[in-house]
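Below: entry36.cif (mmCIF, C-alpha atoms (C1' of nucleotides))
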```
data_start
loop_
_atom_site.label_atom_id
_atom_site.label_comp_id
_atom_site.auth_asym_id
_atom_site.auth_seq_id
_atom_site.Cartn_x
_atom_site.Cartn_y
_atom_site.Cartn_z
CA MET A 1122 8.46 -22.64 -11.12
CA ASP A 1123 9.29 -25.47 -8.80
CA GLU A 1124 9.11 -25.57 -5.04
CA MET A 1125 12.73 -24.68 -4.45
CA LEU A 1126 12.57 -21.62 -6.67
CA ALA A 1127 9.39 -20.50 -4.97
CA VAL A 1128 10.87 -20.88 -1.50
CA THR A 1129 13.99 -19.00 -2.56
CA ALA A 1130 11.91 -16.17 -3.98
CA LEU A 1131 9.62 -16.01 -0.96
CA SER A 1132 12.59 -16.00 1.41
CA ALA A 1133 14.14 -13.19 -0.55
CA LEU A 1134 10.96 -11.15 -0.25
CA ALA A 1135 10.34 -12.00 3.41
CA HIS A 1136 12.44 -9.15 4.70
CA SER A 1137 11.28 -5.61 5.13
CA GLN A 1138 14.20 -3.92 3.39
CA ARG A 1139 14.25 -6.35 0.49
CA LEU A 1140 10.50 -6.10 0.14
CA ARG A 1141 10.81 -2.33 -0.08
CA VAL A 1142 13.57 -2.63 -2.63
CA PHE A 1143 11.58 -5.04 -4.72
CA ARG A 1144 8.43 -2.95 -4.59
CA ALA A 1145 10.42 0.10 -5.58
CA LEU A 1146 11.73 -1.83 -8.56
CA VAL A 1147 8.21 -2.97 -9.45
CA VAL A 1148 7.05 0.63 -9.35
CA ALA A 1149 9.98 1.72 -11.49
CA GLY A 1150 9.02 -0.85 -14.10
CA PRO A 1151 11.13 -1.60 -17.17
CA ALA A 1152 13.20 1.55 -16.69
CA GLY A 1153 14.93 0.07 -13.66
CA VAL A 1154 16.89 1.86 -10.94
CA THR A 1155 20.53 2.18 -9.92
CA PRO A 1156 21.66 1.13 -6.43
CA SER A 1157 22.61 4.71 -5.57
CA VAL A 1158 19.10 5.95 -6.22
CA LEU A 1159 17.62 3.08 -4.25
CA ALA A 1160 19.97 3.64 -1.33
CA GLU A 1161 19.04 7.29 -1.32
CA SER A 1162 15.30 6.93 -1.64
CA LEU A 1163 14.97 4.03 0.80
CA GLY A 1164 17.56 5.20 3.30
CA VAL A 1165 19.55 1.97 3.24
CA ALA A 1166 23.33 1.77 3.53
CA ARG A 1167 24.98 0.88 0.25
CA ASN A 1168 26.71 -2.24 1.41
CA ALA A 1169 23.50 -3.48 2.98
CA LEU A 1170 21.62 -2.67 -0.19
CA SER A 1171 24.18 -4.55 -2.24
CA PHE A 1172 23.75 -7.54 0.00
CA HIS A 1173 19.99 -7.46 -0.34
CA LEU A 1174 20.05 -6.91 -4.09
CA LYS A 1175 22.29 -9.92 -4.37
CA ALA A 1176 19.72 -11.97 -2.51
CA LEU A 1177 16.97 -10.77 -4.84
CA ALA A 1178 19.14 -11.46 -7.88
CA HIS A 1179 19.95 -14.91 -6.56
CA ALA A 1180 16.23 -15.57 -6.40
CA ASN A 1181 15.96 -14.29 -9.98
CA LEU A 1182 13.47 -11.67 -8.89
CA VAL A 1183 15.61 -8.89 -10.31
CA SER A 1184 17.94 -8.62 -13.28
CA ILE A 1185 21.09 -6.57 -13.54
CA GLU A 1186 22.51 -4.60 -16.42
CA GLN A 1187 25.83 -2.82 -16.38
CA GLN A 1188 25.79 0.72 -17.73
CA GLY A 1189 29.24 2.18 -17.55
CA ARG A 1190 29.96 2.90 -13.94
CA ASN A 1191 26.40 2.29 -12.85
CA LEU A 1192 24.34 -0.82 -12.51
CA ARG A 1193 20.69 -0.87 -13.38
CA TYR A 1194 18.41 -3.23 -11.51
CA ARG A 1195 15.01 -4.24 -12.79
CA ALA A 1196 12.24 -6.35 -11.35
CA ASP A 1197 11.84 -9.62 -13.22
CA PHE A 1198 8.13 -9.54 -13.89
CA ALA A 1199 8.04 -12.95 -15.52
CA ARG A 1200 9.52 -14.53 -12.44
CA MET A 1201 7.27 -12.60 -10.14
CA ASN A 1202 4.20 -13.70 -12.01
CA ALA A 1203 5.38 -17.28 -12.05
CA LEU A 1204 5.60 -17.06 -8.29
CA LEU A 1205 2.12 -15.59 -7.92
CA GLY A 1206 0.77 -18.29 -10.19
CA TYR A 1207 2.52 -21.00 -8.20
CA LEU A 1208 0.78 -19.91 -5.03
CA THR A 1209 -2.68 -20.18 -6.53
CA GLU A 1210 -2.12 -23.18 -8.77
CA HIS A 1211 -4.96 -25.70 -8.99
CA CYS A 1212 -6.94 -23.48 -6.70
CA CYS A 1213 -10.17 -25.04 -5.41
CA GLU A 1214 -9.36 -28.35 -7.12
CA GLY A 1215 -9.28 -26.69 -10.51
CA GLY A 1216 -12.97 -26.01 -10.21
CA SER A 1217 -14.58 -22.65 -10.50
CA CYS A 1218 -11.49 -20.52 -10.47
CA GLU A 1219 -8.71 -21.04 -12.96
CA VAL A 1220 -6.02 -18.50 -12.27
CA ALA A 1221 -5.12 -16.03 -14.95
CA PRO A 1222 -1.90 -14.04 -14.88
CA SER A 1223 -2.65 -10.59 -13.58
CA ALA A 1224 -2.95 -7.57 -15.81
CA CYS A 1225 0.42 -6.34 -14.66
CA ALA A 1226 2.11 -9.58 -15.52
CA ALA A 1227 1.00 -9.36 -19.08
CA ALA A 1228 1.72 -5.69 -19.56
CA CYS A 1229 5.19 -5.42 -18.06
CA MET B 877 -1.98 -5.04 3.84
CA ASP B 878 0.97 -3.23 5.35
CA GLU B 879 4.60 -4.11 5.16
CA MET B 880 4.73 -6.01 8.41
CA LEU B 881 1.81 -8.22 7.48
CA ALA B 882 3.34 -8.89 4.10
CA VAL B 883 6.69 -9.85 5.58
CA THR B 884 5.00 -12.12 8.10
CA ALA B 885 3.01 -13.82 5.35
CA LEU B 886 6.01 -14.18 3.05
CA SER B 887 8.11 -15.59 5.88
CA ALA B 888 5.40 -18.09 6.66
CA LEU B 889 5.35 -19.24 3.03
CA ALA B 890 9.11 -19.25 2.62
CA HIS B 891 9.52 -22.79 3.86
CA SER B 892 9.08 -25.91 1.79
CA GLN B 893 6.79 -27.77 4.17
CA ARG B 894 4.62 -24.76 4.90
CA LEU B 895 4.43 -23.90 1.24
CA ARG B 896 3.25 -27.44 0.53
CA VAL B 897 0.70 -27.20 3.30
CA PHE B 898 -0.59 -23.88 2.05
CA ARG B 899 -0.82 -25.03 -1.55
CA ALA B 900 -2.67 -28.12 -0.43
CA LEU B 901 -5.13 -25.87 1.38
CA VAL B 902 -5.47 -23.68 -1.70
CA VAL B 903 -6.24 -26.74 -3.79
CA ALA B 904 -8.76 -27.95 -1.22
CA GLY B 905 -10.56 -24.63 -1.41
CA PRO B 906 -13.45 -23.66 0.85
CA ALA B 907 -13.94 -27.25 1.99
CA GLY B 908 -10.72 -27.13 4.01
CA VAL B 909 -8.68 -30.03 5.37
CA THR B 910 -8.02 -31.55 8.78
CA PRO B 911 -4.47 -31.79 10.11
CA SER B 912 -4.61 -35.58 10.08
CA VAL B 913 -5.35 -35.65 6.39
CA LEU B 914 -2.61 -33.12 5.69
CA ALA B 915 -0.09 -35.03 7.79
CA GLU B 916 -0.96 -38.20 5.93
CA SER B 917 -0.95 -36.78 2.42
CA LEU B 918 2.17 -34.67 2.82
CA GLY B 919 4.12 -37.10 4.98
CA VAL B 920 4.76 -34.60 7.77
CA ALA B 921 4.84 -35.48 11.46
CA ARG B 922 1.82 -34.22 13.34
CA ASN B 923 3.63 -32.06 15.81
CA ALA B 924 5.69 -30.51 13.03
CA LEU B 925 2.52 -29.92 11.03
CA SER B 926 0.89 -28.30 14.02
CA PHE B 927 3.88 -26.02 14.37
CA HIS B 928 3.76 -25.00 10.73
CA LEU B 929 0.00 -24.53 10.69
CA LYS B 930 0.36 -22.26 13.66
CA ALA B 931 2.85 -20.17 11.73
CA LEU B 932 0.47 -19.93 8.79
CA ALA B 933 -2.40 -19.05 11.10
CA HIS B 934 -0.28 -16.41 12.80
CA ALA B 935 0.26 -14.86 9.38
CA ASN B 936 -3.51 -15.05 8.83
CA LEU B 937 -2.98 -17.12 5.73
CA VAL B 938 -5.20 -19.88 7.05
CA SER B 939 -8.27 -19.97 9.24
CA ILE B 940 -9.27 -22.64 11.73
CA GLU B 941 -12.64 -24.07 12.62
CA GLN B 942 -13.26 -26.62 15.31
CA GLN B 943 -15.53 -29.50 14.36
CA GLY B 944 -15.97 -31.83 17.29
CA ARG B 945 -12.73 -33.72 17.72
CA ASN B 946 -11.34 -32.45 14.44
CA LEU B 947 -10.03 -29.12 13.30
CA ARG B 948 -10.57 -27.85 9.80
CA TYR B 949 -8.01 -25.56 8.23
CA ARG B 950 -8.79 -23.39 5.24
CA ALA B 951 -6.68 -21.08 3.12
CA ASP B 952 -7.60 -17.44 3.63
CA PHE B 953 -8.05 -16.36 0.05
CA ALA B 954 -8.72 -12.74 0.88
CA ARG B 955 -5.43 -12.47 2.70
CA MET B 956 -3.58 -14.31 0.00
CA ASN B 957 -4.91 -11.98 -2.65
CA ALA B 958 -4.09 -8.95 -0.57
CA LEU B 959 -0.52 -10.23 -0.45
CA LEU B 960 -0.34 -10.79 -4.20
CA GLY B 961 -1.75 -7.32 -4.77
CA TYR B 962 0.76 -5.80 -2.38
CA LEU B 963 3.66 -7.20 -4.39
CA THR B 964 2.51 -5.65 -7.64
CA GLU B 965 1.07 -2.42 -6.27
CA HIS B 966 1.69 0.73 -8.34
CA CYS B 967 3.43 -1.45 -10.87
CA CYS B 968 5.29 0.52 -13.55
CA GLU B 969 4.45 3.83 -11.88
CA GLY B 970 0.75 3.18 -12.21
CA GLY B 971 1.13 3.42 -15.94
CA SER B 972 0.05 0.80 -18.42
CA CYS B 973 -0.67 -1.95 -15.99
CA GLU B 974 -3.10 -1.55 -13.15
CA VAL B 975 -3.22 -4.77 -11.23
CA ALA B 976 -6.51 -6.58 -10.99
CA PRO B 977 -7.17 -9.27 -8.42
CA SER B 978 -6.75 -12.63 -10.09
CA ALA B 979 -9.67 -14.79 -11.13
CA CYS B 980 -9.08 -17.09 -8.22
CA ALA B 981 -9.14 -14.29 -5.75
CA ALA B 982 -12.57 -13.25 -6.85
CA ALA B 983 -14.07 -16.70 -7.11
CA CYS B 984 -12.87 -18.24 -3.86
"C1'" DT C 1083 48.13 7.99 -13.73
"C1'" DC C 1084 45.60 9.77 -9.69
"C1'" DA C 1085 41.61 10.92 -6.96
"C1'" DA C 1086 36.81 10.13 -6.45
"C1'" DT C 1087 32.75 7.60 -6.86
"C1'" DA C 1088 29.94 3.15 -7.56
"C1'" DA C 1089 29.38 -1.11 -6.01
"C1'" DT C 1090 30.67 -5.47 -4.07
"C1'" DA C 1091 32.90 -8.99 -0.91
"C1'" DC C 1092 34.25 -10.65 3.42
"C1'" DA C 1093 34.35 -11.78 8.32
"C1'" DA C 1094 32.69 -11.80 13.08
"C1'" DC C 1095 29.06 -11.50 15.99
"C1'" DA C 1096 24.17 -11.44 17.36
"C1'" DT C 1097 19.70 -13.00 16.44
"C1'" DT C 1098 16.18 -15.99 14.47
"C1'" DT C 1099 14.36 -20.01 12.95
"C1'" DA C 1100 13.97 -25.29 12.42
"C1'" DT C 1101 13.85 -29.86 14.29
"C1'" DT C 1102 13.08 -33.39 17.43
"C1'" DG C 1103 11.16 -35.97 21.14
"C1'" DA C 1104 8.32 -36.15 25.01
"C1'" DA C 1105 4.47 -34.54 27.57
"C1'" DC C 1106 -0.02 -32.55 27.66
"C1'" DT C 1107 -5.25 -31.37 26.68
"C1'" DA C 1108 -9.60 -32.51 24.80
"C1'" DT C 1109 -13.09 -35.22 22.46
"C1'" DT C 1110 -15.39 -39.49 21.02
"C1'" DG C 1111 -17.22 -44.12 21.68
"C1'" DG C 1112 -17.72 -48.29 24.47
"C1'" DC D 77 -15.07 -43.83 33.59
"C1'" DC D 78 -11.55 -45.68 30.34
"C1'" DA D 79 -9.03 -46.29 26.14
"C1'" DA D 80 -8.07 -44.35 21.79
"C1'" DT D 81 -7.57 -40.70 18.67
"C1'" DA D 82 -6.78 -35.65 17.34
"C1'" DG D 83 -4.13 -32.03 18.05
"C1'" DT D 84 -1.12 -28.96 20.56
"C1'" DT D 85 2.72 -27.29 23.52
"C1'" DC D 86 7.22 -27.13 25.39
"C1'" DA D 87 12.21 -27.33 25.73
"C1'" DA D 88 16.83 -28.21 24.01
"C1'" DT D 89 19.81 -28.42 20.38
"C1'" DA D 90 21.22 -27.46 15.65
"C1'" DA D 91 21.25 -24.53 11.69
"C1'" DA D 92 20.39 -20.60 9.04
"C1'" DT D 93 20.07 -15.60 8.60
"C1'" DG D 94 20.80 -10.50 9.55
"C1'" DT D 95 24.02 -6.76 10.73
"C1'" DT D 96 27.97 -4.12 10.85
"C1'" DG D 97 32.38 -2.43 9.76
"C1'" DT D 98 36.25 -2.75 6.85
"C1'" DA D 99 38.60 -3.84 2.67
"C1'" DT D 100 38.50 -4.49 -2.31
"C1'" DT D 101 37.42 -4.00 -7.35
"C1'" DA D 102 36.23 -1.18 -11.20
"C1'" DT D 103 35.03 2.95 -13.75
"C1'" DT D 104 35.07 7.88 -14.73
"C1'" DG D 105 37.15 12.39 -15.39
"C1'" DA D 106 41.01 15.58 -14.74
#
```

Full structure transcribed into structure tokens:
Amino acid sequence: MDEMLAVTALSALAHSQRLRVFRALVVAGPAGVTPSVLAESLGVARNALSFHLKALAHANLVSIEQQGRNLRYRADFARMNALLGYLTEHCCEGGSCEVAPSACAAAC
Amino acid sequence: MDEMLAVTALSALAHSQRLRVFRALVVAGPAGVTPSVLAESLGVARNALSFHLKALAHANLVSIEQQGRNLRYRADFARMNALLGYLTEHCCEGGSCEVAPSACAAAC
DNA sequence: TCAATAATACAACATTTATTGAACTATTGG
DNA sequence: CCAATAGTTCAATAAATGTTGTATTATTGA
């Protein structure tokens, strides 16, 4: 994780609709979700959703898999955890609090 | 942590200079840093730094304390950890991976 | 092959956000 | 009080980003 990747990821998440989309994908976990389901459950227009998913994919926060006529989007947990780690890196001058990847990071 | 707070915080961090400032404050830990020192060590103009610190403060990611002629900025670790938790909340449908606050969060 | 559905791409406009320089306030020390 | 330092604020311009509607590509099933 370098600075540019982190800024790209943070920018992608710094938007209410994209944040909702991403959190929905995090909740869905490895199973992933199709855009149709997301559009339905979040109440976002499909073209807007496509635009936002592209932004998240560009930031490598989500991955895409084609399944016939549908796409399946998944949160990229490795990337997410890299981002979280980047924010807390060398915390408190590396003193009392080395940062460990969160439980979720490891499990997903 | 609600959505609006999260978006505000993510927006504040989604900028290379502010991200550098915040990470410097995270590294500094509870001791905090003065704007002069930050401006010097990061090579940012003082008025620009002031602008960016204001944005971080507005997002409650940093706190300010006046010390005579100097100000002392500190990272707000509670807020930061709330943000990290918000991103991974209900991960994988609350299944195998409940998210625990990171080591840093607890210690700082 | 044709109609329907899934999803994306594009373009134009409105809105935000960043950057820069100059001016301003407040505190310390002589 | 005066000069110097610390830090902030403001305003104008430049640049990036969000939104919306329309058009396009691709896949499925009859």

With a cut-off of 12 Å, could you pull out the residues of chain D touching chain B and give me the nearest pair of atoms for each, distance in Å to one decimal, using only C-alpha atoms (C1' of nucleotides), ordered by chain and ascending number, as JSON lines?
```
{"residue": "D:DT81", "atom": "C1'", "partner": "B:Arg945", "partner_atom": "CA", "distance": 8.7}
{"residue": "D:DA82", "atom": "C1'", "partner": "B:Arg945", "partner_atom": "CA", "distance": 6.3}
{"residue": "D:DG83", "atom": "C1'", "partner": "B:Ser926", "partner_atom": "CA", "distance": 7.4}
{"residue": "D:DT84", "atom": "C1'", "partner": "B:Ser926", "partner_atom": "CA", "distance": 6.9}
{"residue": "D:DT85", "atom": "C1'", "partner": "B:Asn923", "partner_atom": "CA", "distance": 9.1}
{"residue": "D:DC86", "atom": "C1'", "partner": "B:Asn923", "partner_atom": "CA", "distance": 11.4}
```

Kindly assemble as a Markdown table a list of the chain C residues that lie within 9 Å of chain B, each paired with its nearest atom pair and their distance in Å to one decimal, using only C-alpha atoms (C1' of nucleotides), sorted first by chain and then by ascending residue number.
```
| residue | atom | partner | partner_atom | distance |
| --- | --- | --- | --- | --- |
| C:DT1101 | C1' | B:Ala924 | CA | 8.3 |
| C:DA1108 | C1' | B:Arg945 | CA | 7.8 |
| C:DT1109 | C1' | B:Arg945 | CA | 5.0 |
| C:DT1110 | C1' | B:Arg945 | CA | 7.2 |
```

Given the PyMOL selection byres ((chain B and resi 890) around 12) and the file above, list the residues it selects as a ChimeraX atom specification. /A:1124-1136,1204,1208 /B:882-889,891-898,928,931-932,935 /C:1099

Scan for residues within 7 Å of the point (-5.9, -27.4, 6.4) in the coordinates of the file, using all atoms listed in the file, and reply as a short mmCIF file (atom, residue, chain, number, x, y, z; two decimals) with C-alpha atoms, keeping the file's coordinate frame.
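The result, written out as result-v7.cif:
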```cif
data_model
loop_
_atom_site.label_atom_id
_atom_site.label_comp_id
_atom_site.auth_asym_id
_atom_site.auth_seq_id
_atom_site.Cartn_x
_atom_site.Cartn_y
_atom_site.Cartn_z
CA LEU B 901 -5.13 -25.87 1.38
CA GLY B 908 -10.72 -27.13 4.01
CA VAL B 909 -8.68 -30.03 5.37
CA THR B 910 -8.02 -31.55 8.78
CA PRO B 911 -4.47 -31.79 10.11
CA LEU B 914 -2.61 -33.12 5.69
CA ARG B 948 -10.57 -27.85 9.80
CA TYR B 949 -8.01 -25.56 8.23
CA ARG B 950 -8.79 -23.39 5.24
#
```

Evaluate the PyMOL selection byres ((chain C and resi 1085) around 12) and record the selected residues as a short mmCIF file (atom, residue, chain, number, x, y, z; two decimals) with C-alpha atoms (C1' of nucleotides), keeping the file's coordinate frame, following the chain and residue labels used in the document.
```cif
data_model
loop_
_atom_site.label_atom_id
_atom_site.label_comp_id
_atom_site.auth_asym_id
_atom_site.auth_seq_id
_atom_site.Cartn_x
_atom_site.Cartn_y
_atom_site.Cartn_z
"C1'" DT C 1083 48.13 7.99 -13.73
"C1'" DC C 1084 45.60 9.77 -9.69
"C1'" DA C 1086 36.81 10.13 -6.45
"C1'" DT C 1087 32.75 7.60 -6.86
"C1'" DT D 104 35.07 7.88 -14.73
"C1'" DG D 105 37.15 12.39 -15.39
"C1'" DA D 106 41.01 15.58 -14.74
#
```

Applied to this file, what does the PyMOL selection byres ((chain D and resi 89) around 10) return in terms of residues, put as a list in words?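 Residues picked by the PyMOL selection byres ((chain D and resi 89) around 10): DT1101 and DT1102 of chain C; DA87, DA88, DA90 and DA91 of chain D.
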
Saved selection, atoms kept: C-alpha atoms (C1' of nucleotides), as a compact mmCIF listing (two decimals), in the frame of the given file:
```txt
# COMPACT_ATOMS: atom_id res chain seq x y z
C1' DT C 1101 13.85 -29.86 14.29
C1' DT C 1102 13.08 -33.39 17.43
C1' DA D 87 12.21 -27.33 25.73
C1' DA D 88 16.83 -28.21 24.01
C1' DA D 90 21.22 -27.46 15.65
C1' DA D 91 21.25 -24.53 11.69
```

Please provide as a list in words all residues within 12 Å of D:DG97, with the sequence filter that same-chain residues fewer than 4 positions apart are discarded (counting only C-alpha atoms (C1' of nucleotides)).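 Returned residues: Ala1166, Asn1168 and Ala1169 of chain A; DC1092, DA1093, DA1094 and DC1095 of chain C.
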
Which of A:Val1165, A:Ala1145, A:Ala1160, A:Ala1178 sits closest to chain B [using only C-alpha atoms]: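 Selected residue with least distance to chain B: A:Ala1145.
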
Excluding same-chain residues fewer than 6 positions from B:Leu937, what lies within 7 Å of it counting all atoms listed in the file, as a count of residues only? 5

Interatomic distance between atom CA of B:His934 and atom CA of B:Leu960?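 Pair atom CA of B:His934 / atom CA of B:Leu960 returns 17.9 Å.
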
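Take the candidates B:Val902, B:Asp878, B:Val938, B:Val913 and check each one against chain A using all atoms listed in the file; the shortest distance goes to B:Val902.
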